[in-house]
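Source file: coords_28.pdb; contents: PDB, C-alpha atoms.
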ATOM      1  CA  MET H 173       3.163 127.251   8.951  1.00  0.00           C
ATOM      2  CA  SER H 174       0.879 127.369  11.984  1.00  0.00           C
ATOM      3  CA  GLY H 175      -1.376 124.512  12.998  1.00  0.00           C
ATOM      4  CA  HIS H 176      -4.423 126.699  12.390  1.00  0.00           C
ATOM      5  CA  SER H 177      -3.327 127.309   8.800  1.00  0.00           C
ATOM      6  CA  LYS H 178      -2.574 123.635   8.239  1.00  0.00           C
ATOM      7  CA  TRP H 179      -6.054 122.756   9.481  1.00  0.00           C
ATOM      8  CA  ALA H 180      -7.547 125.316   7.073  1.00  0.00           C
ATOM      9  CA  THR H 181      -5.587 123.652   4.266  1.00  0.00           C
ATOM     10  CA  ILE H 182      -6.950 120.233   5.224  1.00  0.00           C
ATOM     11  CA  LYS H 183     -10.527 121.555   5.189  1.00  0.00           C
ATOM     12  CA  ARG H 184     -10.080 123.136   1.766  1.00  0.00           C
ATOM     13  CA  LYS H 185      -8.699 119.896   0.323  1.00  0.00           C
ATOM     14  CA  LYS H 186     -11.570 117.900   1.784  1.00  0.00           C
ATOM     15  CA  GLY H 187     -14.082 120.377   0.356  1.00  0.00           C
ATOM     16  CA  VAL H 188     -15.702 120.920   3.745  1.00  0.00           C
ATOM     17  CA  ALA H 189     -16.735 124.507   2.988  1.00  0.00           C
ATOM     18  CA  ASP H 190     -18.446 123.554  -0.265  1.00  0.00           C
ATOM     19  CA  ALA H 191     -20.293 120.669   1.374  1.00  0.00           C
ATOM     20  CA  LYS H 192     -21.708 122.964   4.055  1.00  0.00           C
ATOM     21  CA  ARG H 193     -22.234 126.193   2.152  1.00  0.00           C
ATOM     22  CA  GLY H 194     -25.407 127.141   4.044  1.00  0.00           C
ATOM     23  CA  GLN H 195     -23.548 126.903   7.328  1.00  0.00           C
ATOM     24  CA  VAL H 196     -20.663 128.901   5.865  1.00  0.00           C
ATOM     25  CA  PHE H 197     -23.087 131.673   4.849  1.00  0.00           C
ATOM     26  CA  THR H 198     -24.523 131.764   8.368  1.00  0.00           C
ATOM     27  CA  ARG H 199     -21.050 132.171   9.832  1.00  0.00           C
ATOM     28  CA  LEU H 200     -20.066 134.834   7.299  1.00  0.00           C
ATOM     29  CA  THR H 201     -23.307 136.743   7.939  1.00  0.00           C
ATOM     30  CA  ARG H 202     -22.581 136.900  11.657  1.00  0.00           C
ATOM     31  CA  GLU H 203     -19.027 138.032  10.950  1.00  0.00           C
ATOM     32  CA  ILE H 204     -20.313 140.869   8.752  1.00  0.00           C
ATOM     33  CA  VAL H 205     -22.914 141.854  11.357  1.00  0.00           C
ATOM     34  CA  MET H 206     -20.337 142.052  14.154  1.00  0.00           C
ATOM     35  CA  ALA H 207     -17.856 143.981  12.006  1.00  0.00           C
ATOM     36  CA  ALA H 208     -20.479 146.527  10.879  1.00  0.00           C
ATOM     37  CA  ARG H 209     -21.845 146.922  14.403  1.00  0.00           C
ATOM     38  CA  GLU H 210     -18.365 147.601  15.748  1.00  0.00           C
ATOM     39  CA  GLY H 211     -17.080 149.994  13.086  1.00  0.00           C
ATOM     40  CA  GLY H 212     -20.031 151.105  10.967  1.00  0.00           C
ATOM     41  CA  GLY H 213     -21.351 150.051   7.590  1.00  0.00           C
ATOM     42  CA  ASP H 214     -18.802 151.807   5.343  1.00  0.00           C
ATOM     43  CA  ILE H 215     -16.329 149.243   3.987  1.00  0.00           C
ATOM     44  CA  ASP H 216     -13.892 151.988   2.990  1.00  0.00           C
ATOM     45  CA  SER H 217     -13.384 153.107   6.587  1.00  0.00           C
ATOM     46  CA  ASN H 218     -14.140 149.828   8.407  1.00  0.00           C
ATOM     47  CA  PHE H 219     -11.288 147.445   7.629  1.00  0.00           C
ATOM     48  CA  ARG H 220     -12.760 144.564   9.567  1.00  0.00           C
ATOM     49  CA  LEU H 221     -15.980 144.887   7.571  1.00  0.00           C
ATOM     50  CA  ARG H 222     -14.124 145.092   4.284  1.00  0.00           C
ATOM     51  CA  LEU H 223     -12.274 141.910   5.160  1.00  0.00           C
ATOM     52  CA  ALA H 224     -15.516 140.140   6.124  1.00  0.00           C
ATOM     53  CA  VAL H 225     -17.221 141.247   2.896  1.00  0.00           C
ATOM     54  CA  ASP H 226     -14.238 140.146   0.799  1.00  0.00           C
ATOM     55  CA  LYS H 227     -14.320 136.755   2.500  1.00  0.00           C
ATOM     56  CA  ALA H 228     -18.062 136.461   1.826  1.00  0.00           C
ATOM     57  CA  LYS H 229     -17.606 137.346  -1.843  1.00  0.00           C
ATOM     58  CA  ALA H 230     -14.836 134.755  -2.138  1.00  0.00           C
ATOM     59  CA  GLN H 231     -17.403 132.155  -0.979  1.00  0.00           C
ATOM     60  CA  SER H 232     -19.893 133.370  -3.634  1.00  0.00           C
ATOM     61  CA  MET H 233     -22.256 134.802  -1.044  1.00  0.00           C
ATOM     62  CA  PRO H 234     -25.019 136.774  -2.856  1.00  0.00           C
ATOM     63  CA  LYS H 235     -24.722 140.561  -2.794  1.00  0.00           C
ATOM     64  CA  ASP H 236     -28.236 140.869  -1.300  1.00  0.00           C
ATOM     65  CA  ASN H 237     -27.231 138.698   1.653  1.00  0.00           C
ATOM     66  CA  ILE H 238     -24.181 140.873   2.322  1.00  0.00           C
ATOM     67  CA  GLU H 239     -26.153 144.127   2.133  1.00  0.00           C
ATOM     68  CA  ARG H 240     -28.894 142.705   4.352  1.00  0.00           C
ATOM     69  CA  ALA H 241     -26.331 141.719   7.002  1.00  0.00           C
ATOM     70  CA  ILE H 242     -24.833 145.229   7.022  1.00  0.00           C
ATOM     71  CA  LYS H 243     -28.281 146.821   7.324  1.00  0.00           C
ATOM     72  CA  ARG H 244     -29.152 144.511  10.190  1.00  0.00           C
ATOM     73  CA  ALA H 245     -26.047 145.641  12.067  1.00  0.00           C
ATOM     74  CA  THR H 246     -26.607 149.351  11.456  1.00  0.00           C
ATOM     75  CA  GLY H 247     -30.262 149.236  12.510  1.00  0.00           C
ATOM     76  CA  GLU H 248     -31.777 149.429   9.047  1.00  0.00           C
ATOM     77  CA  GLY H 249     -32.829 145.783   8.938  1.00  0.00           C
ATOM     78  CA  LYS H 250     -35.877 144.132  10.457  1.00  0.00           C
ATOM     79  CA  ASP H 251     -34.062 141.309  12.225  1.00  0.00           C
ATOM     80  CA  GLY H 252     -34.417 141.677  15.984  1.00  0.00           C
ATOM     81  CA  GLU H 253     -31.693 139.198  16.979  1.00  0.00           C
ATOM     82  CA  ILE H 254     -28.810 140.697  18.955  1.00  0.00           C
ATOM     83  CA  TYR H 255     -25.523 138.890  18.503  1.00  0.00           C
ATOM     84  CA  GLU H 256     -22.504 139.144  20.782  1.00  0.00           C
ATOM     85  CA  GLU H 257     -18.957 137.899  20.493  1.00  0.00           C
ATOM     86  CA  VAL H 258     -17.694 135.653  23.259  1.00  0.00           C
ATOM     87  CA  SER H 259     -14.637 133.429  23.668  1.00  0.00           C
ATOM     88  CA  TYR H 260     -14.486 130.166  25.583  1.00  0.00           C
ATOM     89  CA  GLU H 261     -11.441 128.231  26.727  1.00  0.00           C
ATOM     90  CA  GLY H 262     -10.844 124.614  27.530  1.00  0.00           C
ATOM     91  CA  TYR H 263      -9.084 121.390  26.666  1.00  0.00           C
ATOM     92  CA  GLY H 264      -9.712 118.842  23.968  1.00  0.00           C
ATOM     93  CA  PRO H 265      -8.610 115.215  23.875  1.00  0.00           C
ATOM     94  CA  ASN H 266      -5.043 114.492  25.058  1.00  0.00           C
ATOM     95  CA  GLY H 267      -4.830 117.812  26.908  1.00  0.00           C
ATOM     96  CA  VAL H 268      -4.689 120.038  23.820  1.00  0.00           C
ATOM     97  CA  ALA H 269      -5.518 123.663  24.677  1.00  0.00           C
ATOM     98  CA  LEU H 270      -8.465 125.216  22.824  1.00  0.00           C
ATOM     99  CA  VAL H 271      -9.724 128.779  22.408  1.00  0.00           C
ATOM    100  CA  ILE H 272     -13.198 128.819  20.861  1.00  0.00           C
ATOM    101  CA  GLU H 273     -14.496 132.114  19.447  1.00  0.00           C
ATOM    102  CA  CYS H 274     -18.269 132.354  19.048  1.00  0.00           C
ATOM    103  CA  VAL H 275     -20.946 134.754  17.872  1.00  0.00           C
ATOM    104  CA  THR H 276     -24.258 134.005  19.560  1.00  0.00           C
ATOM    105  CA  GLU H 277     -27.615 135.439  20.559  1.00  0.00           C
ATOM    106  CA  ASN H 278     -27.927 132.908  23.408  1.00  0.00           C
ATOM    107  CA  ARG H 279     -24.904 132.378  25.650  1.00  0.00           C
ATOM    108  CA  ASN H 280     -26.592 129.723  27.769  1.00  0.00           C
ATOM    109  CA  ARG H 281     -27.298 127.538  24.759  1.00  0.00           C
ATOM    110  CA  THR H 282     -23.799 127.992  23.367  1.00  0.00           C
ATOM    111  CA  VAL H 283     -21.942 127.140  26.555  1.00  0.00           C
ATOM    112  CA  ALA H 284     -24.161 124.094  27.180  1.00  0.00           C
ATOM    113  CA  GLU H 285     -23.489 122.746  23.676  1.00  0.00           C
ATOM    114  CA  LEU H 286     -19.743 123.373  23.982  1.00  0.00           C
ATOM    115  CA  ARG H 287     -19.551 121.695  27.374  1.00  0.00           C
ATOM    116  CA  HIS H 288     -21.462 118.648  26.118  1.00  0.00           C
ATOM    117  CA  LEU H 289     -19.320 118.238  22.998  1.00  0.00           C
ATOM    118  CA  LEU H 290     -16.004 118.624  24.808  1.00  0.00           C
ATOM    119  CA  SER H 291     -17.038 116.275  27.602  1.00  0.00           C
ATOM    120  CA  ARG H 292     -18.133 113.656  25.076  1.00  0.00           C
ATOM    121  CA  SER H 293     -14.740 113.850  23.318  1.00  0.00           C
ATOM    122  CA  GLY H 294     -12.683 113.534  26.505  1.00  0.00           C
ATOM    123  CA  GLY H 295     -12.060 117.247  27.038  1.00  0.00           C
ATOM    124  CA  ASN H 296     -13.565 119.930  29.227  1.00  0.00           C
ATOM    125  CA  LEU H 297     -14.567 123.579  29.219  1.00  0.00           C
ATOM    126  CA  GLY H 298     -12.379 125.759  31.445  1.00  0.00           C
ATOM    127  CA  GLU H 299     -12.619 129.102  33.187  1.00  0.00           C
ATOM    128  CA  LEU H 300     -11.759 132.403  31.509  1.00  0.00           C
ATOM    129  CA  GLY H 301      -7.966 132.687  31.390  1.00  0.00           C
ATOM    130  CA  SER H 302      -7.335 128.984  31.954  1.00  0.00           C
ATOM    131  CA  VAL H 303      -5.923 128.502  28.447  1.00  0.00           C
ATOM    132  CA  SER H 304      -5.534 131.891  26.734  1.00  0.00           C
ATOM    133  CA  TRP H 305      -2.199 132.561  28.475  1.00  0.00           C
ATOM    134  CA  GLN H 306      -0.743 129.895  26.190  1.00  0.00           C
ATOM    135  CA  PHE H 307      -1.553 132.011  23.108  1.00  0.00           C
ATOM    136  CA  HIS H 308      -0.892 135.465  21.708  1.00  0.00           C
ATOM    137  CA  ARG H 309      -3.027 137.389  19.229  1.00  0.00           C
ATOM    138  CA  ALA H 310      -1.429 138.284  15.917  1.00  0.00           C
ATOM    139  CA  ALA H 311      -2.339 139.537  12.454  1.00  0.00           C
ATOM    140  CA  VAL H 312      -2.074 136.618  10.021  1.00  0.00           C
ATOM    141  CA  PHE H 313      -2.221 136.703   6.223  1.00  0.00           C
ATOM    142  CA  SER H 314      -2.090 133.697   3.917  1.00  0.00           C
ATOM    143  CA  PHE H 315      -1.497 133.705   0.163  1.00  0.00           C
ATOM    144  CA  PRO H 316      -1.532 130.867  -2.373  1.00  0.00           C
ATOM    145  CA  LYS H 317       2.052 130.044  -3.300  1.00  0.00           C
ATOM    146  CA  GLU H 318       1.090 129.664  -6.937  1.00  0.00           C
ATOM    147  CA  GLY H 319       1.127 133.045  -8.658  1.00  0.00           C
ATOM    148  CA  ASN H 320       2.912 134.873  -5.820  1.00  0.00           C
ATOM    149  CA  ASP H 321       6.600 135.679  -5.499  1.00  0.00           C
ATOM    150  CA  PHE H 322       7.905 134.819  -2.030  1.00  0.00           C
ATOM    151  CA  ASP H 323      10.741 137.362  -2.107  1.00  0.00           C
ATOM    152  CA  LYS H 324       8.394 140.193  -3.094  1.00  0.00           C
ATOM    153  CA  LEU H 325       5.897 139.235  -0.387  1.00  0.00           C
ATOM    154  CA  PHE H 326       8.721 138.990   2.123  1.00  0.00           C
ATOM    155  CA  GLU H 327       9.944 142.510   1.314  1.00  0.00           C
ATOM    156  CA  LEU H 328       6.446 143.992   1.522  1.00  0.00           C
ATOM    157  CA  ALA H 329       5.730 142.170   4.782  1.00  0.00           C
ATOM    158  CA  VAL H 330       8.945 143.352   6.425  1.00  0.00           C
ATOM    159  CA  GLU H 331       8.210 146.896   5.249  1.00  0.00           C
ATOM    160  CA  GLY H 332       4.834 146.673   6.987  1.00  0.00           C
ATOM    161  CA  GLY H 333       6.255 145.424  10.286  1.00  0.00           C
ATOM    162  CA  ALA H 334       5.767 141.637   9.985  1.00  0.00           C
ATOM    163  CA  ASP H 335       7.453 139.343  12.497  1.00  0.00           C
ATOM    164  CA  ASP H 336       7.594 136.217  10.367  1.00  0.00           C
ATOM    165  CA  VAL H 337       7.081 135.061   6.772  1.00  0.00           C
ATOM    166  CA  SER H 338       6.952 131.326   6.061  1.00  0.00           C
ATOM    167  CA  GLN H 339       5.901 129.006   3.282  1.00  0.00           C
ATOM    168  CA  ASP H 340       5.071 125.385   2.598  1.00  0.00           C
ATOM    169  CA  ASP H 341       4.213 123.572  -0.622  1.00  0.00           C
ATOM    170  CA  GLU H 342       0.954 125.469  -1.105  1.00  0.00           C
ATOM    171  CA  GLU H 343       0.849 128.683   0.938  1.00  0.00           C
ATOM    172  CA  ILE H 344       2.833 131.687   2.074  1.00  0.00           C
ATOM    173  CA  GLU H 345       1.943 132.938   5.543  1.00  0.00           C
ATOM    174  CA  VAL H 346       2.730 136.305   7.107  1.00  0.00           C
ATOM    175  CA  GLU H 347       2.481 136.880  10.853  1.00  0.00           C
ATOM    176  CA  ALA H 348       2.630 140.382  12.311  1.00  0.00           C
ATOM    177  CA  PRO H 349       1.742 142.353  15.440  1.00  0.00           C
ATOM    178  CA  VAL H 350      -1.946 143.253  15.728  1.00  0.00           C
ATOM    179  CA  GLU H 351      -1.180 146.955  15.312  1.00  0.00           C
ATOM    180  CA  SER H 352       0.404 146.261  11.872  1.00  0.00           C
ATOM    181  CA  PHE H 353      -2.777 144.746  10.428  1.00  0.00           C
ATOM    182  CA  LYS H 354      -4.107 147.890   8.701  1.00  0.00           C
ATOM    183  CA  THR H 355      -0.663 148.894   7.430  1.00  0.00           C
ATOM    184  CA  LEU H 356      -0.087 145.491   5.845  1.00  0.00           C
ATOM    185  CA  ILE H 357      -3.590 145.370   4.329  1.00  0.00           C
ATOM    186  CA  ASP H 358      -2.904 148.710   2.648  1.00  0.00           C
ATOM    187  CA  ILE H 359       0.558 147.638   1.453  1.00  0.00           C
ATOM    188  CA  PHE H 360      -0.731 144.402  -0.068  1.00  0.00           C
ATOM    189  CA  ARG H 361      -3.697 146.122  -1.717  1.00  0.00           C
ATOM    190  CA  THR H 362      -1.462 148.828  -3.193  1.00  0.00           C
ATOM    191  CA  ALA H 363       0.746 146.091  -4.656  1.00  0.00           C
ATOM    192  CA  ASN H 364      -2.418 144.368  -5.956  1.00  0.00           C
ATOM    193  CA  ILE H 365      -1.688 141.249  -3.910  1.00  0.00           C
ATOM    194  CA  ILE H 366      -4.867 140.034  -2.267  1.00  0.00           C
ATOM    195  CA  PRO H 367      -4.551 137.592   0.644  1.00  0.00           C
ATOM    196  CA  GLU H 368      -6.601 134.410   0.564  1.00  0.00           C
ATOM    197  CA  GLU H 369      -7.169 134.846   4.290  1.00  0.00           C
ATOM    198  CA  ALA H 370      -6.427 137.747   6.619  1.00  0.00           C
ATOM    199  CA  GLY H 371      -7.421 138.389  10.183  1.00  0.00           C
ATOM    200  CA  LEU H 372      -6.498 138.545  13.839  1.00  0.00           C
ATOM    201  CA  LYS H 373      -5.860 135.043  15.125  1.00  0.00           C
ATOM    202  CA  MET H 374      -4.733 133.326  18.308  1.00  0.00           C
ATOM    203  CA  ILE H 375      -1.265 131.808  17.865  1.00  0.00           C
ATOM    204  CA  PRO H 376       0.056 129.230  20.364  1.00  0.00           C
ATOM    205  CA  ASN H 377       3.259 130.204  22.135  1.00  0.00           C
ATOM    206  CA  GLN H 378       4.337 126.574  22.026  1.00  0.00           C
ATOM    207  CA  GLU H 379       2.789 123.733  20.060  1.00  0.00           C
ATOM    208  CA  MET H 380       2.003 120.244  21.390  1.00  0.00           C
ATOM    209  CA  GLU H 381       3.001 117.322  19.192  1.00  0.00           C
ATOM    210  CA  LEU H 382       1.064 114.045  19.327  1.00  0.00           C
ATOM    211  CA  GLY H 383       1.050 110.789  17.399  1.00  0.00           C
ATOM    212  CA  VAL H 384      -0.998 110.513  14.216  1.00  0.00           C
ATOM    213  CA  GLU H 385      -4.023 108.793  15.801  1.00  0.00           C
ATOM    214  CA  ASP H 386      -4.152 111.202  18.756  1.00  0.00           C
ATOM    215  CA  THR H 387      -3.752 114.170  16.400  1.00  0.00           C
ATOM    216  CA  MET H 388      -6.636 112.917  14.269  1.00  0.00           C
ATOM    217  CA  GLN H 389      -8.791 112.540  17.389  1.00  0.00           C
ATOM    218  CA  VAL H 390      -8.167 116.188  18.286  1.00  0.00           C
ATOM    219  CA  LEU H 391      -8.823 117.359  14.721  1.00  0.00           C
ATOM    220  CA  ARG H 392     -12.138 115.497  14.636  1.00  0.00           C
ATOM    221  CA  THR H 393     -13.125 117.283  17.845  1.00  0.00           C
ATOM    222  CA  ILE H 394     -12.153 120.644  16.337  1.00  0.00           C
ATOM    223  CA  GLU H 395     -14.143 119.788  13.206  1.00  0.00           C
ATOM    224  CA  ASN H 396     -17.196 118.981  15.360  1.00  0.00           C
ATOM    225  CA  LEU H 397     -16.801 122.264  17.239  1.00  0.00           C
ATOM    226  CA  GLU H 398     -16.578 124.195  13.976  1.00  0.00           C
ATOM    227  CA  ASP H 399     -19.783 122.502  12.808  1.00  0.00           C
ATOM    228  CA  MET H 400     -21.669 124.274  15.607  1.00  0.00           C
ATOM    229  CA  ASP H 401     -23.692 127.230  14.320  1.00  0.00           C
ATOM    230  CA  ASP H 402     -22.416 129.616  17.002  1.00  0.00           C
ATOM    231  CA  VAL H 403     -18.714 128.840  16.563  1.00  0.00           C
ATOM    232  CA  GLN H 404     -16.732 131.214  14.365  1.00  0.00           C
ATOM    233  CA  ASP H 405     -13.210 129.913  14.932  1.00  0.00           C
ATOM    234  CA  VAL H 406     -11.297 127.340  16.971  1.00  0.00           C
ATOM    235  CA  TYR H 407      -7.627 127.733  17.866  1.00  0.00           C
ATOM    236  CA  SER H 408      -5.437 125.053  19.403  1.00  0.00           C
ATOM    237  CA  ASN H 409      -1.830 124.482  20.391  1.00  0.00           C
ATOM    238  CA  LEU H 410      -1.765 121.246  18.384  1.00  0.00           C
ATOM    239  CA  LYS H 411       1.165 120.697  16.029  1.00  0.00           C
ATOM    240  CA  ILE H 412      -0.087 118.957  12.880  1.00  0.00           C
ATOM    241  CA  SER H 413       2.484 116.703  11.260  1.00  0.00           C
ATOM    242  CA  ASP H 414       2.555 115.984   7.530  1.00  0.00           C
ATOM    243  CA  GLU H 415       1.566 112.387   8.329  1.00  0.00           C
ATOM    244  CA  ALA H 416      -1.511 113.548  10.251  1.00  0.00           C
ATOM    245  CA  MET H 417      -2.441 115.934   7.437  1.00  0.00           C
ATOM    246  CA  ALA H 418      -2.282 113.115   4.908  1.00  0.00           C
ATOM    247  CA  ALA H 419      -4.353 110.860   7.160  1.00  0.00           C
ATOM    248  CA  MET H 420      -7.082 113.494   7.641  1.00  0.00           C
ATOM    249  CA  GLU H 421      -7.204 114.310   3.935  1.00  0.00           C
ATOM    250  CA  SER H 422      -7.735 110.654   3.072  1.00  0.00           C
ATOM    251  CA  GLU H 423     -10.745 110.240   5.411  1.00  0.00           C
TER     252      GLU H 423
END

As structure tokens, the full file:
Amino acid sequence: MSGHSKWATIKRKKGVADAKRGQVFTRLTREIVMAAREGGGDIDSNFRLRLAVDKAKAQSMPKDNIERAIKRATGEGKDGEIYEEVSYEGYGPNGVALVIECVTENRNRTVAELRHLLSRSGGNLGELGSVSWQFHRAAVFSFPKEGNDFDKLFELAVEGGADDVSQDDEEIEVEAPVESFKTLIDIFRTANIIPEEAGLKMIPNQEMELGVEDTMQVLRTIENLEDMDDVQDVYSNLKISDEAMAAMESE
């Protein structure tokens, strides 16, 4: 189970998403806008949009909000803000590599806020390419272990071209090449197995393991980064031990 998925599990257990639902809606809206702008407003032909809409519905985002976001992207809305996707790279505390994916209408503001936060936590913002070589992009799907058969998921995943299928006490995770994303989405939907999360993510080629206290310091920095309005996702090469997970959950 990747560090990114373990961090998502920690956040769910802590109820972070529920506590900050307004912020979650803002992030989901931007995700829908970018998906619709890239591939059009038809969820049947735009798989990225369909995924973003499904994620928004799972968070109980009102239908009107979803439709308004799609209209904004396709030019039917009245909102004049122009968002763009941009990735930043750098290091967090203890030399942990970070890739920070943002959606913003003001790059200058975003980079200034990122630089300030990382500097304050003992890290720094790097140049383009300074960190990304330590990662590869992959299609990742996660399913709740309860109610899903691992062997069946494994067979379907292999059929669709997956590279790896793993599980822990709570989740089953499938990792596949980027080009297999659509094929696997279709296979899972045909089998009526809906992933809890699905998307293209940055996976570290090699994880860095730290002690519990140092791991918690990095995770707090990642949590602060994710609290920024412009930040959509943060990836790291941090390996999260079970001890660190338990410590973060108890905070």

For the interface of segment 187-227 of chain H with segment 358-380 of chain H (cut-off 9 Å, counting all atoms listed in the file), please tabulate each contacting residue of segment 187-227 of chain H alongside its nearest pair of atoms and their separation in Å to one decimal, rows sorted by chain and increasing number, as a tab-separated table.
residue	atom	partner	partner_atom	distance
H:Arg220	CA	H:Gly371	CA	8.2
H:Leu223	CA	H:Ala370	CA	7.3
H:Lys227	CA	H:Glu369	CA	7.6

Just to be explicit: take each residue in the selection above, keep C-alpha atoms, and write the result as an mmCIF file, in the coordinates of the input.
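Contents of the output file result_23.cif:
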data_model
loop_
_atom_site.group_PDB
_atom_site.id
_atom_site.type_symbol
_atom_site.label_atom_id
_atom_site.label_comp_id
_atom_site.auth_asym_id
_atom_site.auth_seq_id
_atom_site.Cartn_x
_atom_site.Cartn_y
_atom_site.Cartn_z
ATOM 1 C CA ARG H 220 -12.760 144.564 9.567
ATOM 2 C CA LEU H 223 -12.274 141.910 5.160
ATOM 3 C CA LYS H 227 -14.320 136.755 2.500
#

Original post:
Which residues come within 9 Å of segment 279-288 of chain H, counting all atoms listed in the file, excluding same-chain residues fewer than 3 positions away, as a PyMOL selection string?
Top reply: chain H and resi 256+258+260+274+276+291-293+295-297+397+400+402-403

Subject >> Shell around Leu382 of chain H at 10 Å using only C-alpha atoms, local window under 2 positions removed, as a VMD selection string >> reply: chain H and resid 266 268 379 to 380 384 to 388 390 410 to 413 416

Subject >> Polymer residues at most 12 Å from segment 345-348 of chain H, only C-alpha atoms, same-chain spacing of 6 or more positions, as a PyMOL selection string >> reply: chain H and resi 173-178+308-317+320+322+325-339+354-357+360+367-375

Original post:
How many Å separate atom CA of Val205 of chain H from atom CA of Gln231 of chain H?
Top reply: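 Here the two named atoms are 16.6 Å from each other.
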
Please supply segment 253-271 of chain H, rebuilt with N, CA and C atoms, as a PDB file, keeping the file's coordinate frame.
ATOM      1  N   GLU H 253     -32.689 139.955  16.227  1.00  0.00           N
ATOM      2  CA  GLU H 253     -31.693 139.198  16.979  1.00  0.00           C
ATOM      3  C   GLU H 253     -30.486 140.074  17.312  1.00  0.00           C
ATOM      4  N   ILE H 254     -29.990 139.944  18.527  1.00  0.00           N
ATOM      5  CA  ILE H 254     -28.810 140.697  18.955  1.00  0.00           C
ATOM      6  C   ILE H 254     -27.677 139.717  19.207  1.00  0.00           C
ATOM      7  N   TYR H 255     -26.660 139.783  18.371  1.00  0.00           N
ATOM      8  CA  TYR H 255     -25.523 138.890  18.503  1.00  0.00           C
ATOM      9  C   TYR H 255     -24.443 139.525  19.381  1.00  0.00           C
ATOM     10  N   GLU H 256     -23.671 138.674  20.044  1.00  0.00           N
ATOM     11  CA  GLU H 256     -22.504 139.144  20.782  1.00  0.00           C
ATOM     12  C   GLU H 256     -21.356 138.170  20.569  1.00  0.00           C
ATOM     13  N   GLU H 257     -20.150 138.721  20.619  1.00  0.00           N
ATOM     14  CA  GLU H 257     -18.957 137.899  20.493  1.00  0.00           C
ATOM     15  C   GLU H 257     -18.507 137.441  21.873  1.00  0.00           C
ATOM     16  N   VAL H 258     -18.157 136.186  21.983  1.00  0.00           N
ATOM     17  CA  VAL H 258     -17.694 135.653  23.259  1.00  0.00           C
ATOM     18  C   VAL H 258     -16.693 134.527  22.991  1.00  0.00           C
ATOM     19  N   SER H 259     -15.651 134.475  23.802  1.00  0.00           N
ATOM     20  CA  SER H 259     -14.637 133.429  23.668  1.00  0.00           C
ATOM     21  C   SER H 259     -14.717 132.469  24.842  1.00  0.00           C
ATOM     22  N   TYR H 260     -14.524 131.199  24.556  1.00  0.00           N
ATOM     23  CA  TYR H 260     -14.486 130.166  25.583  1.00  0.00           C
ATOM     24  C   TYR H 260     -13.142 129.452  25.509  1.00  0.00           C
ATOM     25  N   GLU H 261     -12.730 128.910  26.643  1.00  0.00           N
ATOM     26  CA  GLU H 261     -11.441 128.231  26.727  1.00  0.00           C
ATOM     27  C   GLU H 261     -11.617 126.854  27.342  1.00  0.00           C
ATOM     28  N   GLY H 262     -10.758 125.953  26.959  1.00  0.00           N
ATOM     29  CA  GLY H 262     -10.844 124.614  27.530  1.00  0.00           C
ATOM     30  C   GLY H 262      -9.798 123.694  26.944  1.00  0.00           C
ATOM     31  N   TYR H 263     -10.019 122.405  27.153  1.00  0.00           N
ATOM     32  CA  TYR H 263      -9.084 121.390  26.666  1.00  0.00           C
ATOM     33  C   TYR H 263      -9.831 120.348  25.856  1.00  0.00           C
ATOM     34  N   GLY H 264      -9.186 119.920  24.773  1.00  0.00           N
ATOM     35  CA  GLY H 264      -9.712 118.842  23.968  1.00  0.00           C
ATOM     36  C   GLY H 264      -9.091 117.524  24.386  1.00  0.00           C
ATOM     37  N   PRO H 265      -9.233 116.488  23.571  1.00  0.00           N
ATOM     38  CA  PRO H 265      -8.610 115.215  23.875  1.00  0.00           C
ATOM     39  C   PRO H 265      -7.089 115.360  24.013  1.00  0.00           C
ATOM     40  N   ASN H 266      -6.499 114.529  24.863  1.00  0.00           N
ATOM     41  CA  ASN H 266      -5.043 114.492  25.058  1.00  0.00           C
ATOM     42  C   ASN H 266      -4.468 115.800  25.605  1.00  0.00           C
ATOM     43  N   GLY H 267      -5.311 116.613  26.247  1.00  0.00           N
ATOM     44  CA  GLY H 267      -4.830 117.812  26.908  1.00  0.00           C
ATOM     45  C   GLY H 267      -4.482 118.971  25.999  1.00  0.00           C
ATOM     46  N   VAL H 268      -4.964 118.949  24.762  1.00  0.00           N
ATOM     47  CA  VAL H 268      -4.689 120.038  23.820  1.00  0.00           C
ATOM     48  C   VAL H 268      -5.506 121.268  24.217  1.00  0.00           C
ATOM     49  N   ALA H 269      -4.849 122.424  24.287  1.00  0.00           N
ATOM     50  CA  ALA H 269      -5.518 123.663  24.677  1.00  0.00           C
ATOM     51  C   ALA H 269      -6.352 124.207  23.517  1.00  0.00           C
ATOM     52  N   LEU H 270      -7.549 124.698  23.839  1.00  0.00           N
ATOM     53  CA  LEU H 270      -8.465 125.216  22.824  1.00  0.00           C
ATOM     54  C   LEU H 270      -8.983 126.593  23.222  1.00  0.00           C
ATOM     55  N   VAL H 271      -9.024 127.508  22.269  1.00  0.00           N
ATOM     56  CA  VAL H 271      -9.724 128.779  22.408  1.00  0.00           C
ATOM     57  C   VAL H 271     -10.804 128.787  21.334  1.00  0.00           C
TER      58      VAL H 271
END
